[in-house]
Every structure is written in C-alpha cells, then in structure tokens.
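Peer 1: My structure is below; once you've seen it, I'll send some questions.
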Amino acid sequence: MAESEEEVDVLVQRVMKDINNAFKRNPNIDEIGLIPCPEARYNRSPIVLVENKLGVESWCVKFLLPYVHNKLLLYRQRKQWLDREALIDVTCTLLLLNPDFTTAWNVRKELLQCGLLSADKDLYLGKLALTKFPKSPETWIHRRWVLQQLQREICPGVGERKEQVDGDRGDAEDTQHSERLRRLLQEEMRVCADAAGRYPSNYNAWSHRIWVLQHLAKGNLKILHDELSSMRLWVSMHVSDHSGFHYRQFLLKALVRELSQSQSQSQSSSHPPQSPTLSSSPPPPSSSSSPSSPPPQRSPADSPTQANGEASTLATSPAPEALGAPAPTPVTAAVSQLFHDEMELCTDLIESYPGHETLWCHRRHVFYLWYQWKQECDPGQSKGGGSPGLLNHAQEPPASAHPRPGCGPDEAEMASANGQPTDMEVDGKAEAGVAEVCQLSDGVQQSSGGSGNSGGSCYARDTKRLKRGPTPPCPPPSLPAEEAFVSSVLASCRSPEQRRFAASYRRWLGSVIGH
C-alpha cells in the first residue's frame, strides 16, 4: 500500500485516469457506488466497471479524496495552476466522492460561463452523483442553476427573439426549442423519481421537481395531468412518504389554479366589454320609443357559446338560480372530478393500509383545498347552521327524465308509453342530452346497410347499445360524506393507530370545517 507522498501522488493520478477512461469506454454509465474493500488485495485498479455501473473500492477513497480536495483549494488560492482538462477531472472525481463540496460546483459554473464545459455533461455528472447521494442539497442547487442557463439559451428574450425569427426558419426553431425543453423536462422527472426512490421522504428531490414544473412547464395542463396520473402508482407504493403526497397536493393546487384562470380568460374573450347602456339592465319597451332606435338585440358575443365553440344549453333551459342550484360550468365539473378522484384514492389507501398517518394528513389537506375552493367560488354561502351550503348537503346526481342505467325494458316501455322520451329512442324524439348518441345510432344503421329496415331487429340492436345513457357526474366531496367515512372506519377497524387517526380527523372536521 502506498504511504509516501510520491507514491500517493502516483496512485491518485492513476485512479483519476482510470475513472476518465471508464467514462470514455462507456458513456452510458447510470450509477456509481462504493465497493466495501478495506485493503487492496490485488495489484489492480480500484475502479470497477460492470455493464453501466461504476464502482470504486473503498480503500482508495482515503487517499483520493484529500488529494483532489487540496489540489482544488490550491487552485482557488492561485497557488497552483491547472489546465482545463485537469480542472474538469479534479472536480469530477471530487464531486463523485463528495457532491456537497460547494467550491467544486462553483469552479464548474465558471467553466460553463466561459464555454469550456458543456451543460449536458454537467447535468450528467450531477445525475451520477445523485445515485450515490440522492439528498445532496448542493447538487440540486447547482442543477437548477444549470437549467436556468439552458432555459435562457433555449428561450431568449423577446427582443432577441424578434431579430432571430424570420418566417419558416423561426417556426422550425420554435419546434426545435420546444422539443429540447420537453426532453429536459422528461429527464428531470426521471432524475427526481430515481432520487425519491433511493431515499425516503427526499424533500430536496421533490422540491426540485416542483421547481422544474414551475419554470419549465409553466402551467401546462397536459403536463400537470400527466404528472398527477403517473404519481398515483408511486404514492400507492410509498404510503408513508410525506414529501410524495406533498408533491401531489402541489399538483392539485396548480391544476385548480390553471383551470380557474382558463375559465376567466375564456369568459373575458367570449364576453367583451360592452357600452354602459348595454351592460346595465335594459329599459322596458314603451310606445314612446323613437323609431330610429331599434330594440336591443342579442349580439353574437352574448350568445351562449363556450370558448371551444360548443353550443351551451343555458339558452333553452331555465336559469339555475331559479331552480335553486348553482350554474354548472365545465371548469367546476373538472375540478369536482379532480377532488372526487383524489378522495377516492385516499379512501382506497386508508382502507388497504391502515395505521398510516401520512394518508390521513393528505386527506385532510385535500378536503381543505376543496373547502377553500368552494368558499372562493361561493363566498356568500353559510358555514354554520344556516341555509345548507355546497359542502353541507348530500351530493346526489341531478334527477333527469331518463331511466337509470340499470332499468329494464319494461320500465323503458312504460316511460315511452307515457310520452316521455328515453335514451333508447333513435327516431329524433329524444332530448338534447342524447342527441349525439342518436346521431351515432343513425351512423351505425347506415354503415350496416340497415337504413331501409325499420323493423324490430335493427331497433332492438340500437336500443341495446344505447341503453346506458349519459354517465352521471361523480359527486364532489362533502362534509356528510366525510363524516360517514370516518364512522365506517371507526366501526370496522381493529388497529388502534387507525382509530386514533380517524378520531383526530373527525375532530378536525368539526373544529375547522363544521364551525
């Protein structure tokens, strides 16, 4: 074993050269690690490369780490000169063994700013360091700095952009930049997921994942939805990871915020500002009106059309306020579906894995998010024992004239005999809610060659296909539903921890929500 200073220098230089050669032989190394080996048993290199895994025998670390550490400090103190290649090798070796050494990352920042180091290689080094040290805060901080530099390079300022863009060339550049941003986003999601799987409750990894979505995704609804869907399996396998559920709560907040903003933008675009005379309540018609002033007519902007061009049914139906119900909107339905799915996930996990406090804390947070969102949508609703609000009444699907999905043919025939349209009518007499289903049935008849056959067989076949009808909306969370869930858990569970968490959740519902 080497003991003198000259022998240590020779040993360390050989090990650094072996590490550099390993990356040259296999540029797809995806993991590093230490091989427990107190002493050098064989006269061979301590660097082991098996497939895509790089291992370092532990006996050489006590020589290697102090050497590269002192060498870098001497360079920073201007006492020793290192060229570009030597500086990259020293910092690479040092950060693979100790990624929390801030000076090494700062040296690599200077190399990046001078154009002497590639940003992709720096991200790759950080990815390898996180396989051994998945919670290294300095590595995550440096990674965010590199991503900011890449973002400025990919998406320059508006003034610079106008000088560069010209016709088809500008469109091609936009497509290329979008594709590069998409690849960066996907790679960061993989790095964060790998680090979160290696270290439980890895707050640094989840915080970095949130930062990436805030700066690279910038409110992209599709990316947020994909993240929420992909995280469903992960949290089901890590039911005690607080940081993972906190990330899911962030996704819910971001989705609700973006959906609400899209609704306000669509409303402002479909209803442009009008003159004060038209915005106020129109005066009643009178015989003394001037013939030159025609009665006010509905403008195309006032027509009940949504932002996507689909016709609304508000024009032919009575006002929801007159029926005592809030006006349903696509955004309200989407947000309600989000919270309904999340509460269903909480219910399944709590029943499958009793006694985990993380699940109950997540359920509490999700329900409080729902409560806050409903308060913002309906600020005038009562909280206590007054008139029932949206959270305090039982949420049931709206009643309709259509038979239920499970009704038999006799009930449908009775409804048809009484003059009520049903979901099975395909002759154009059904209501507007099933108009699309009727058009689908007509298309099926024409494609099957049965357009001239109005007998019972074709009608029965279409009747069987259209028997289900429209799917009723899922009920949103409600205070009675939560109380019923807690009661069922307390009545059926045998775990003392589960009973304690359920009782605490009930007290929280009564003190915070039901006051």
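By convention in this document, the chains of the structure tokens carry letters A, B, ... by their order, each chain's residues are numbered from 1, and ligands are numbered from 1 in the order they are shown.
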Skipping near chain neighbours, those fewer than 5 positions away, what residues fall within 9 Å of Ala334 (chain A) using only C-alpha atoms, listed as a PyMOL selection string?
Peer 2: chain A and resi 256+259+329+339
Peer 1: Near region 497-509 of chain A, counting only C-alpha atoms, which residues have an atom at most 9 Å away, once you skip same-chain residues fewer than 2 positions from it, shown as a list in words?
Peer 2: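 Contacts, in chain order: Ile350, Pro354, Gly355, His356, Glu357, Trp360, Cys361, Arg363, Arg364, Leu479, Glu482, Glu483, Val486, Ser487, Val489, Leu490, Cys493, Arg494, Ser495, Ser511, Val512, Ile513, Gly514 and His515 of chain A.
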Peer 1: Those residues with N, CA, C and O atoms, as a CSV table (one decimal), in the first residue's frame please?
Peer 2:
```csv
chain,number,residue,atom,x,y,z
A,350,ILE,N,-56.3,4.3,2.6
A,350,ILE,CA,-56.6,4.2,4.0
A,350,ILE,C,-57.2,2.8,4.4
A,350,ILE,O,-56.8,2.2,5.4
A,354,PRO,N,-54.1,0.4,6.7
A,354,PRO,CA,-54.5,1.1,8.0
A,354,PRO,C,-53.3,1.5,8.8
A,354,PRO,O,-52.3,0.8,8.8
A,355,GLY,N,-53.5,2.6,9.5
A,355,GLY,CA,-52.5,3.0,10.5
A,355,GLY,C,-51.4,3.9,10.0
A,355,GLY,O,-50.3,4.0,10.7
A,356,HIS,N,-51.5,4.5,8.8
A,356,HIS,CA,-50.5,5.4,8.3
A,356,HIS,C,-51.0,6.8,8.4
A,356,HIS,O,-52.0,7.2,7.8
A,357,GLU,N,-50.3,7.6,9.2
A,357,GLU,CA,-50.7,9.0,9.4
A,357,GLU,C,-50.6,9.8,8.2
A,357,GLU,O,-51.3,10.8,8.0
A,360,TRP,N,-53.9,10.1,6.2
A,360,TRP,CA,-54.9,10.9,6.9
A,360,TRP,C,-54.5,12.4,6.7
A,360,TRP,O,-55.4,13.2,6.5
A,361,CYS,N,-53.3,12.7,6.8
A,361,CYS,CA,-52.9,14.1,6.6
A,361,CYS,C,-53.1,14.6,5.2
A,361,CYS,O,-53.6,15.7,5.0
A,363,ARG,N,-55.5,13.3,3.2
A,363,ARG,CA,-56.9,13.5,3.1
A,363,ARG,C,-57.4,14.8,3.7
A,363,ARG,O,-58.3,15.5,3.1
A,364,ARG,N,-56.8,15.2,4.8
A,364,ARG,CA,-57.2,16.4,5.5
A,364,ARG,C,-56.9,17.6,4.6
A,364,ARG,O,-57.6,18.6,4.4
A,479,LEU,N,-69.1,17.3,3.5
A,479,LEU,CA,-68.9,17.1,4.9
A,479,LEU,C,-69.7,15.9,5.4
A,479,LEU,O,-69.2,15.1,6.1
A,482,GLU,N,-67.8,12.8,4.4
A,482,GLU,CA,-66.6,12.6,5.2
A,482,GLU,C,-66.9,12.0,6.6
A,482,GLU,O,-66.2,11.1,7.1
A,483,GLU,N,-68.0,12.5,7.2
A,483,GLU,CA,-68.4,12.0,8.5
A,483,GLU,C,-68.8,10.6,8.4
A,483,GLU,O,-68.6,9.7,9.3
A,486,VAL,N,-65.7,8.4,8.2
A,486,VAL,CA,-65.0,8.3,9.5
A,486,VAL,C,-65.8,7.3,10.4
A,486,VAL,O,-65.2,6.4,11.0
A,487,SER,N,-67.1,7.4,10.3
A,487,SER,CA,-67.9,6.5,11.1
A,487,SER,C,-67.7,5.0,10.7
A,487,SER,O,-67.6,4.1,11.5
A,489,VAL,N,-65.0,3.8,9.3
A,489,VAL,CA,-63.7,3.3,9.7
A,489,VAL,C,-63.7,3.0,11.2
A,489,VAL,O,-63.1,2.0,11.6
A,490,LEU,N,-64.3,3.9,12.0
A,490,LEU,CA,-64.3,3.6,13.4
A,490,LEU,C,-65.0,2.3,13.8
A,490,LEU,O,-64.7,1.7,14.7
A,493,CYS,N,-62.6,-0.8,11.9
A,493,CYS,CA,-61.1,-1.0,12.0
A,493,CYS,C,-60.8,-1.7,13.4
A,493,CYS,O,-61.5,-1.6,14.4
A,494,ARG,N,-59.6,-2.4,13.4
A,494,ARG,CA,-59.1,-3.0,14.6
A,494,ARG,C,-57.8,-2.4,15.0
A,494,ARG,O,-57.3,-2.8,16.1
A,495,SER,N,-57.2,-1.6,14.2
A,495,SER,CA,-55.9,-1.0,14.5
A,495,SER,C,-56.1,0.2,15.4
A,495,SER,O,-56.9,1.1,15.1
A,511,SER,N,-64.0,21.1,14.1
A,511,SER,CA,-63.5,22.4,14.5
A,511,SER,C,-63.2,23.3,13.4
A,511,SER,O,-63.3,24.5,13.6
A,512,VAL,N,-62.7,22.8,12.2
A,512,VAL,CA,-62.3,23.7,11.2
A,512,VAL,C,-63.3,23.8,10.1
A,512,VAL,O,-63.6,24.9,9.6
A,513,ILE,N,-64.0,22.7,9.7
A,513,ILE,CA,-64.9,22.8,8.6
A,513,ILE,C,-66.3,23.0,9.0
A,513,ILE,O,-67.1,23.8,8.5
A,514,GLY,N,-66.7,22.3,10.1
A,514,GLY,CA,-68.1,22.4,10.5
A,514,GLY,C,-68.5,23.5,11.5
A,514,GLY,O,-69.6,23.5,12.0
A,515,HIS,N,-67.6,24.4,11.7
A,515,HIS,CA,-67.9,25.5,12.7
A,515,HIS,C,-68.8,26.5,12.1
A,515,HIS,O,-68.9,26.7,10.9
```
Peer 1: May I have the residues within 7 Å of region 65-78 of chain A as an NGL selection string, using only C-alpha atoms and disregarding those fewer than 6 positions away in the same chain?
Peer 2: :A and (90 or 94 or 97)
Peer 1: Write the residues of the selection above to a file with N, CA and C atoms, as a PDB file, in the first residue's frame.
Peer 2:
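For reference, again30.pdb as written:
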```pdb
ATOM      1  N   VAL A  90     -10.359  16.849 -11.926  1.00  0.00           N
ATOM      2  CA  VAL A  90     -10.305  17.003 -10.472  1.00  0.00           C
ATOM      3  C   VAL A  90     -11.692  17.240  -9.898  1.00  0.00           C
ATOM      4  N   LEU A  94     -13.795  14.697  -7.459  1.00  0.00           N
ATOM      5  CA  LEU A  94     -14.166  15.194  -6.140  1.00  0.00           C
ATOM      6  C   LEU A  94     -15.673  15.151  -5.920  1.00  0.00           C
ATOM      7  N   LEU A  97     -17.225  11.741  -5.237  1.00  0.00           N
ATOM      8  CA  LEU A  97     -16.982  11.242  -3.885  1.00  0.00           C
ATOM      9  C   LEU A  97     -17.617  12.120  -2.814  1.00  0.00           C
TER      10      LEU A  97
END
```
Peer 1: Write out as a VMD selection string each polymer residue whose atoms come within 12 Å of Leu221 (chain A), counting only C-alpha atoms; drop sequence neighbours fewer than 5 positions from it.
Peer 2: chain A and resid 213 to 214 226 to 228 251 to 262
Peer 1: Generate the output file for the selected residues, N, CA and C atoms, as a compact mmCIF listing (two decimals), in the first residue's frame.
Peer 2:
```txt
# COMPACT_ATOMS: atom_id res chain seq x y z
N LEU A 213 -41.38 22.03 -12.67
CA LEU A 213 -42.71 22.27 -13.24
C LEU A 213 -43.04 23.75 -13.27
N GLN A 214 -42.63 24.48 -12.27
CA GLN A 214 -42.94 25.91 -12.22
C GLN A 214 -42.18 26.70 -13.28
N ASP A 226 -50.63 14.69 -16.58
CA ASP A 226 -49.79 13.50 -16.72
C ASP A 226 -49.01 13.22 -15.44
N GLU A 227 -48.52 14.27 -14.80
CA GLU A 227 -47.81 14.09 -13.54
C GLU A 227 -48.72 13.53 -12.45
N LEU A 228 -49.94 14.06 -12.39
CA LEU A 228 -50.88 13.57 -11.38
C LEU A 228 -51.22 12.11 -11.62
N LEU A 251 -49.65 19.53 -7.15
CA LEU A 251 -50.25 19.32 -8.47
C LEU A 251 -51.73 19.68 -8.46
N LEU A 252 -52.44 19.31 -7.40
CA LEU A 252 -53.85 19.65 -7.30
C LEU A 252 -54.05 21.17 -7.27
N LYS A 253 -53.24 21.86 -6.47
CA LYS A 253 -53.35 23.32 -6.41
C LYS A 253 -53.07 23.94 -7.78
N ALA A 254 -52.03 23.45 -8.45
CA ALA A 254 -51.68 24.02 -9.75
C ALA A 254 -52.77 23.76 -10.78
N LEU A 255 -53.36 22.57 -10.77
CA LEU A 255 -54.43 22.26 -11.72
C LEU A 255 -55.65 23.12 -11.47
N VAL A 256 -56.04 23.27 -10.22
CA VAL A 256 -57.21 24.10 -9.90
C VAL A 256 -56.95 25.55 -10.30
N ARG A 257 -55.75 26.05 -10.04
CA ARG A 257 -55.43 27.43 -10.39
C ARG A 257 -55.45 27.64 -11.91
N GLU A 258 -54.85 26.71 -12.65
CA GLU A 258 -54.81 26.87 -14.11
C GLU A 258 -56.20 26.72 -14.72
N LEU A 259 -57.01 25.81 -14.20
CA LEU A 259 -58.37 25.66 -14.72
C LEU A 259 -59.20 26.90 -14.44
N SER A 260 -59.06 27.48 -13.25
CA SER A 260 -59.80 28.70 -12.93
C SER A 260 -59.35 29.86 -13.81
N GLN A 261 -58.05 29.97 -14.06
CA GLN A 261 -57.56 31.03 -14.94
C GLN A 261 -58.03 30.84 -16.37
N SER A 262 -58.06 29.60 -16.85
CA SER A 262 -58.56 29.36 -18.20
C SER A 262 -60.03 29.70 -18.31
```
Peer 1: Give me the residues near Ala193 (chain A) as a PyMOL selection string, where near means some atom within 12 Å (using only C-alpha atoms) and where sequence neighbours in that chain fewer than 3 positions away do not count.
Peer 2: chain A and resi 127+130-131+134+186-190+196-209+227+230-231+234-235+243-244+247
Peer 1: Export N, CA, C and O atoms of the chosen residues as a tab-separated table (two decimals), in the first residue's frame?
Peer 2:
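Once written, result_30.tsv looks like this:
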```
chain	number	residue	atom	x	y	z
A	127	LYS	N	-26.37	13.91	-12.16
A	127	LYS	CA	-27.24	12.74	-12.13
A	127	LYS	C	-26.52	11.54	-11.53
A	127	LYS	O	-27.10	10.79	-10.72
A	130	LEU	N	-26.12	11.91	-7.77
A	130	LEU	CA	-27.37	11.69	-7.03
A	130	LEU	C	-27.70	10.21	-6.88
A	130	LEU	O	-28.50	9.85	-6.01
A	131	THR	N	-27.12	9.34	-7.69
A	131	THR	CA	-27.35	7.91	-7.49
A	131	THR	C	-26.69	7.40	-6.22
A	131	THR	O	-27.16	6.43	-5.63
A	134	PRO	N	-28.47	10.80	-2.99
A	134	PRO	CA	-29.71	11.34	-3.57
A	134	PRO	C	-30.27	12.56	-2.85
A	134	PRO	O	-31.17	13.21	-3.37
A	186	GLN	N	-38.57	15.84	-19.28
A	186	GLN	CA	-38.68	14.40	-19.04
A	186	GLN	C	-37.47	13.85	-18.30
A	186	GLN	O	-37.60	13.01	-17.41
A	187	GLU	N	-36.28	14.32	-18.67
A	187	GLU	CA	-35.08	13.85	-17.99
A	187	GLU	C	-35.07	14.25	-16.52
A	187	GLU	O	-34.69	13.46	-15.64
A	188	GLU	N	-35.50	15.48	-16.22
A	188	GLU	CA	-35.54	15.92	-14.83
A	188	GLU	C	-36.56	15.14	-14.02
A	188	GLU	O	-36.33	14.82	-12.85
A	189	MET	N	-37.69	14.79	-14.64
A	189	MET	CA	-38.67	13.98	-13.94
A	189	MET	C	-38.10	12.60	-13.60
A	189	MET	O	-38.35	12.05	-12.51
A	190	ARG	N	-37.34	12.02	-14.52
A	190	ARG	CA	-36.72	10.72	-14.25
A	190	ARG	C	-35.68	10.81	-13.14
A	190	ARG	O	-35.60	9.92	-12.28
A	196	ALA	N	-35.98	10.06	-5.46
A	196	ALA	CA	-37.03	9.87	-4.45
A	196	ALA	C	-37.18	8.40	-4.09
A	196	ALA	O	-37.51	8.06	-2.94
A	197	GLY	N	-36.93	7.51	-5.05
A	197	GLY	CA	-37.00	6.09	-4.74
A	197	GLY	C	-35.81	5.59	-3.95
A	197	GLY	O	-35.91	4.58	-3.23
A	198	ARG	N	-34.67	6.26	-4.04
A	198	ARG	CA	-33.48	5.83	-3.32
A	198	ARG	C	-33.44	6.32	-1.89
A	198	ARG	O	-32.77	5.72	-1.04
A	199	TYR	N	-34.14	7.42	-1.60
A	199	TYR	CA	-34.11	7.97	-0.23
A	199	TYR	C	-35.54	8.34	0.15
A	199	TYR	O	-36.17	9.14	-0.53
A	200	PRO	N	-36.09	7.77	1.22
A	200	PRO	CA	-37.48	8.06	1.59
A	200	PRO	C	-37.65	9.50	2.05
A	200	PRO	O	-36.78	10.08	2.71
A	201	SER	N	-38.79	10.06	1.71
A	201	SER	CA	-39.12	11.45	2.07
A	201	SER	C	-38.00	12.40	1.67
A	201	SER	O	-37.54	13.23	2.46
A	202	ASN	N	-37.56	12.28	0.43
A	202	ASN	CA	-36.46	13.10	-0.08
A	202	ASN	C	-37.01	14.48	-0.43
A	202	ASN	O	-37.44	14.74	-1.56
A	203	TYR	N	-36.97	15.36	0.55
A	203	TYR	CA	-37.54	16.70	0.37
A	203	TYR	C	-36.83	17.47	-0.73
A	203	TYR	O	-37.47	18.20	-1.50
A	204	ASN	N	-35.52	17.33	-0.85
A	204	ASN	CA	-34.77	18.07	-1.87
A	204	ASN	C	-35.17	17.65	-3.28
A	204	ASN	O	-35.29	18.48	-4.18
A	205	ALA	N	-35.38	16.35	-3.48
A	205	ALA	CA	-35.77	15.87	-4.80
A	205	ALA	C	-37.16	16.35	-5.18
A	205	ALA	O	-37.41	16.79	-6.31
A	206	TRP	N	-38.10	16.28	-4.24
A	206	TRP	CA	-39.47	16.71	-4.55
A	206	TRP	C	-39.55	18.23	-4.73
A	206	TRP	O	-40.32	18.71	-5.56
A	207	SER	N	-38.76	18.97	-3.96
A	207	SER	CA	-38.74	20.42	-4.15
A	207	SER	C	-38.18	20.78	-5.52
A	207	SER	O	-38.66	21.71	-6.18
A	208	HIS	N	-37.16	20.06	-5.95
A	208	HIS	CA	-36.62	20.29	-7.28
A	208	HIS	C	-37.65	19.95	-8.36
A	208	HIS	O	-37.76	20.66	-9.38
A	209	ARG	N	-38.41	18.91	-8.15
A	209	ARG	CA	-39.44	18.54	-9.12
A	209	ARG	C	-40.51	19.62	-9.23
A	209	ARG	O	-40.99	19.95	-10.32
A	227	GLU	N	-48.52	14.27	-14.80
A	227	GLU	CA	-47.81	14.09	-13.54
A	227	GLU	C	-48.72	13.53	-12.45
A	227	GLU	O	-48.34	12.64	-11.68
A	230	SER	N	-49.30	9.84	-13.27
A	230	SER	CA	-48.14	9.00	-13.04
A	230	SER	C	-47.81	8.86	-11.56
A	230	SER	O	-47.26	7.84	-11.13
A	231	MET	N	-48.14	9.85	-10.75
A	231	MET	CA	-47.85	9.80	-9.33
A	231	MET	C	-48.81	8.90	-8.56
A	231	MET	O	-48.57	8.58	-7.39
A	234	TRP	N	-47.07	5.70	-7.77
A	234	TRP	CA	-45.93	5.90	-6.87
A	234	TRP	C	-46.41	6.05	-5.43
A	234	TRP	O	-45.85	5.43	-4.52
A	235	VAL	N	-47.41	6.89	-5.18
A	235	VAL	CA	-47.87	7.09	-3.80
A	235	VAL	C	-48.56	5.84	-3.28
A	235	VAL	O	-48.59	5.61	-2.06
A	243	SER	N	-43.30	13.62	1.60
A	243	SER	CA	-42.89	14.52	0.52
A	243	SER	C	-43.59	14.18	-0.79
A	243	SER	O	-43.94	15.06	-1.56
A	244	GLY	N	-43.79	12.89	-1.06
A	244	GLY	CA	-44.51	12.50	-2.28
A	244	GLY	C	-45.94	12.97	-2.28
A	244	GLY	O	-46.46	13.45	-3.29
A	247	TYR	N	-46.09	16.68	-2.91
A	247	TYR	CA	-45.99	16.98	-4.34
A	247	TYR	C	-47.33	16.79	-5.03
A	247	TYR	O	-47.70	17.58	-5.90
```
Peer 1: If you measure from CA of Arg14 (chain A) to CA of Asp100 (chain A), what distance in Å do you get, rounded to one decimal?
Peer 2: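 Taking CA of Arg14 (chain A) and CA of Asp100 (chain A), their separation equals 24.2 Å.
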Peer 1: List every residue of region 189-242 of chain A that DSSP, applied to the backbone of this structure, assigns to alpha helix (DSSP H), and report them as a ChimeraX atom specification.
Peer 2: /A:189-198,203-212,221-237,242
